[in-house]
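Peer 1: Would you mind keeping the following structure in view while I ask a few things?
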Amino acid sequence: MGSALYSTSTKYLYLTSQSPPVVSVDAWLIFTVILGFWMAWNIGANDVANSMGTAVGAKAITPKQAAVIAGVMNFTGAYFFGKSVTETIRKGILNVGMIHDPWIIVYGSLAALLAASIWLIFATYNGLPVSTTHSIIGGVVGYGLVYAGTSIVDWGKLGQVVMSWILSPILGAIVAYFVFKAVKRSILARADPLRSARHWAPFWIGLAFVVIGTMFYIKVLHGSNLLKGVVLYGVPTGIVIFVLSYALIRVHFRPSDPYIGVESIFRKVQVVTSAYVALAHGSNDVANAVGPIAAAYAVITMGMSGMKVPVPRWVLVLGGLGIAVGIFMYGYKVMETVGKKITELTNTRGFSIDFSAATVILVASWLGMPISTTHTVVGAVIGVGLARGVKAINKDIVRDIVISWFITVPVAAVISAVIFKFLVLVG
Amino acid sequence: MQVWTKLFAKSPFKPLIKHSEVVLKTVETLERALQLWYGGDYEEMAGLAVEVDRLEDVADRIKEEIRDSLSSKLMMAVAREDVLIYLHMQDKVADAAEDTAKWLLIKKPDGVPTEIRDIILQMGMESINAAKLVHEAIVQMDRVIESGFTEGEIKREYEIIRGIESVENRIDALDTRLMQLVFENADSMSWGDGFYILNIARTLSNISDKAKDAAERIRLMMNK
């Protein structure tokens, strides 16, 4: 059964799959870590452009700056905010109680990671707006089905998860619609748009930090009282940032066209909101790489698949690092292309998209909903479009998203099932 | 990544403005041609009239390009049909200018009484002015969208549109006067001269007519 793919150490495993010896433990662990890192790398390489696309496209930041911001903020988001979603994916979809051999979780996690990565690369190459989140869920369901049939899948939970995917672009669209309307009413429709922009831009930046501050309380300090989080952390952070940005945002010139002035202010605002999106992206999507590693790690080191296994800090570091490396190695190039392709996006629109998407993603991630960053951002673009803010959007993209809903999970599940079967045979 | 390269389509407004610039150039050339015609400088006028014809061809080509690029799969700030019909009307402005140029070329205006020439020149200036305002209107429409359809910009657009529409009344008055003059001078002119004059007048007022239709479409774009 031993495959040429596997080293001698895996052969030990084959002999003693129930309680593997120390030597093979290292091999499996290393294998899991490498695959998890690769998945994170894929997120950085292929997915990050989705969160930075608007800022680069609206020329608020260069691709180089985008890579630095995305790298740092994705890492920060992954490390500090990336926990609650991990739990949902890992525990919710499959009934862990039905897995009698804990090593199944190791094989399964590997299969899910590998399947998701393969599908992601294939889909990205073919221009489908797939979600890393959906891919990994498909992978998990796939190995579950092969192992124990349909009964192991918690279909109710899976249904909720699927609902949250459909909801993510819709929520992104609704929030973006109102944010753009608010920007229009408070700034663009005023007699002196430039003056209004100077007053209102710090408000929006402040508002983003109210969300970030609250998330800090909930995710990092593990607070449970939302009101307390908002009042003690969110609002004060927001106010400090509001005052700071109010002092910093100055208009150094009086342009003949007030809208040019407004856009130049929002170009600065977008530097902040793009970081906000990257933070949200890191916190939401790192779970896709980290979740399976954490599950496998728990089994390998403790020999069990507990209901509640903590995600070790180093695993989050690994995920964040993987994303950052992916960004610098490949995502950077993707952003260069994006910057050249998007020519019609202005900063007020870019801001509305960024702000709305990041807020929806962060709040959803707090609620434990594994939503798709890509789809939320696209939803936000459509929301601004519905508010007549974007001159032309390709409606085809909506069709592509719906297609990707229907094929990502089954395809990732099938790939994962095949890999899982193979691993069980060799393992 | 490809999400982003696909998501945003090219706005039709920049090409529309480009088309409008050519139309503007066409009517401006016709304006100069008409002045030369009035002054009796037939040779130089003929050169400009041919140029009007060439510019109309350029406008036509841009129109085709825009039409081909406006896929029904686009979600736009304004309805696709409004853009297409507007484009059609804007192009008709250049067509009408070309029609006038053709009639100007038919013969030398030697037999045309001065008072009739006066009125034709006046009609021409008014009509061409309406066509120039169409260019302003489409540039302003781009601004209306840029502002997110704010009231101030919409108001400014309505002012331009009203400017275009008001030309119509003045042209009508001039047209009636012209017809009267043609019939009053029926004895001193050949039937050919009469035919010639009335056709120049008809094609000239057609320019403002199409300008008005284009303006009407911009109204609809804003009212979506």
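Numbering starts fresh at 1 for the residues of each chain in the structure tokens, the chains themselves are lettered A, B, ... in the order given, and ligands are numbered from 1 as they appear.
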Dump as an NGL selection string the residues of chain B that approach chain A to within 6 Å, counting only C-alpha atoms.

Peer 2: :B and (1-3 or 5 or 7-9 or 11 or 73-77 or 147-148 or 150)

Peer 1: Met125 (chain B): which residues within 10 Å, counting only C-alpha atoms, same-chain residues fewer than 3 positions away excluded, as a list in words?

Peer 2: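 Listed by chain and then number, they are Val27, Glu28, Leu30, Glu31, Arg32, Leu34, Gln35, Ile119, Ile120, Leu121, Gln122, Ile128, Asn129, Ala130, Ala131, Ile171 and Leu204 of chain B.
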
Peer 1: Just how far from CA of Ser404 (chain A) is CA of Gly149 (chain A), in Å to one decimal?

Peer 2: 24.3 Å

Peer 1: As an exercise, work out the distance from CA of Trp119 (chain A) to CA of Ile403 (chain A) in Å and give it to one decimal place.

Peer 2: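 If I compute the distance from CA of Trp119 (chain A) to CA of Ile403 (chain A), I get 14.3 Å.
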
Peer 1: Write out as a PyMOL selection string which residues come within 6 Å of region 152-169 of chain B when counting only C-alpha atoms, dropping same-chain ones fewer than 5 positions away.

Peer 2: chain B and resi 130+144+212+215

Peer 1: Quick one: everything within 10 Å of Asp257 (chain A), counting only C-alpha atoms, minus sequence neighbours fewer than 4 positions away in the same chain. Send it as a PyMOL selection string.

Peer 2: chain A and resi 193-194+261-262

Peer 1: Identify which of the residues B:Lys107, B:Arg143, B:Arg170, B:Arg217 lies closest to Ile200 (chain B), counting only C-alpha atoms when measuring atom-to-atom distances.

Peer 2: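 Under the stated criterion, the closest residue is B:Lys107.
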
Peer 1: Run DSSP on the backbone and grab whatever in region 278-409 of chain A lands in helix (DSSP H, G or I); send it over as number ranges by chain.

Peer 2: A: 278-302, 313-341, 347-366, 373-386, 396-409

Peer 1: Near region 182-186 of chain B, counting only C-alpha atoms, which residues have an atom at most 12 Å away, once you skip same-chain residues fewer than 3 positions from it, shown as a PyMOL selection string?

Peer 2: chain B and resi 111-117+119-120+175-179+189-199+201

Peer 1: If we count only C-alpha atoms and set the cut-off at 7 Å, which residues sit around region 275-286 of chain A, ignoring sequence neighbours fewer than 3 positions away in its own chain? Please answer as an NGL selection string.

Peer 2: :A and (40 or 51 or 69-70 or 73-78 or 81-82 or 85 or 133 or 271-272 or 289-290 or 319-320 or 354 or 358 or 361-362 or 365 or 373)

Peer 1: What would the file look like if the residues just selected were written as a tab-separated table (two decimals), in the first residue's frame with C-alpha atoms?

Peer 2:
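Listed below is the output, again.tsv:
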```tsv
chain	number	residue	atom	x	y	z
A	40	ALA	CA	-2.56	30.11	3.48
A	51	SER	CA	-9.73	42.78	-0.63
A	69	ILE	CA	-0.50	46.81	3.93
A	70	ALA	CA	-2.13	43.49	3.04
A	73	MET	CA	-2.81	43.63	8.20
A	74	ASN	CA	-3.64	40.09	7.11
A	75	PHE	CA	-1.09	38.82	9.55
A	76	THR	CA	-2.48	41.04	12.31
A	77	GLY	CA	-6.03	40.03	11.49
A	78	ALA	CA	-5.13	36.36	11.33
A	81	PHE	CA	-8.93	38.16	15.31
A	82	GLY	CA	-8.82	34.77	13.66
A	85	VAL	CA	-14.57	31.09	12.66
A	133	THR	CA	-14.16	29.36	2.74
A	271	VAL	CA	-5.49	53.90	2.53
A	272	VAL	CA	-7.03	53.33	5.95
A	289	ALA	CA	-5.89	27.23	6.49
A	290	VAL	CA	-5.62	27.17	10.25
A	319	GLY	CA	-1.47	30.99	8.82
A	320	GLY	CA	-0.80	34.72	8.91
A	354	ASP	CA	-14.14	48.77	1.29
A	358	ALA	CA	-14.88	44.97	5.86
A	361	ILE	CA	-16.94	40.50	7.19
A	362	LEU	CA	-15.78	41.46	10.68
A	365	SER	CA	-16.74	36.63	11.62
A	373	THR	CA	-14.61	37.76	1.56
```

Peer 1: Counting only C-alpha atoms, what is within 10 Å of Leu232 (chain A), bar same-chain residues fewer than 6 positions away, as a short mmCIF file (atom, residue, chain, number, x, y, z; two decimals) with N, CA and C atoms, in the first residue's frame?

Peer 2:
```cif
data_model
loop_
_atom_site.label_atom_id
_atom_site.label_comp_id
_atom_site.auth_asym_id
_atom_site.auth_seq_id
_atom_site.Cartn_x
_atom_site.Cartn_y
_atom_site.Cartn_z
N GLY A 213 -12.11 48.43 17.28
CA GLY A 213 -11.93 48.46 18.75
C GLY A 213 -12.81 47.44 19.43
N THR A 214 -14.06 47.35 18.97
CA THR A 214 -14.99 46.39 19.57
C THR A 214 -14.52 44.96 19.32
N TYR A 217 -11.78 43.96 21.64
CA TYR A 217 -12.31 43.56 22.95
C TYR A 217 -12.84 42.13 22.91
N LEU A 226 -21.15 42.71 24.50
CA LEU A 226 -21.00 43.54 23.30
C LEU A 226 -21.11 45.02 23.63
#
```

Peer 1: So how far away is CA of His222 (chain A) from CA of Val235 (chain A), in Å?

Peer 2: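 Distance reported for this atom pair: 17.7 Å.
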
Peer 1: From the set B:Phe13, B:Gln180, B:Asp41, B:Leu55, which residue has the shortest atom-to-atom contact distance to Val93 (chain B), counting only C-alpha atoms?

Peer 2: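 With only C-alpha atoms as the atom set, the closest residue is B:Leu55.
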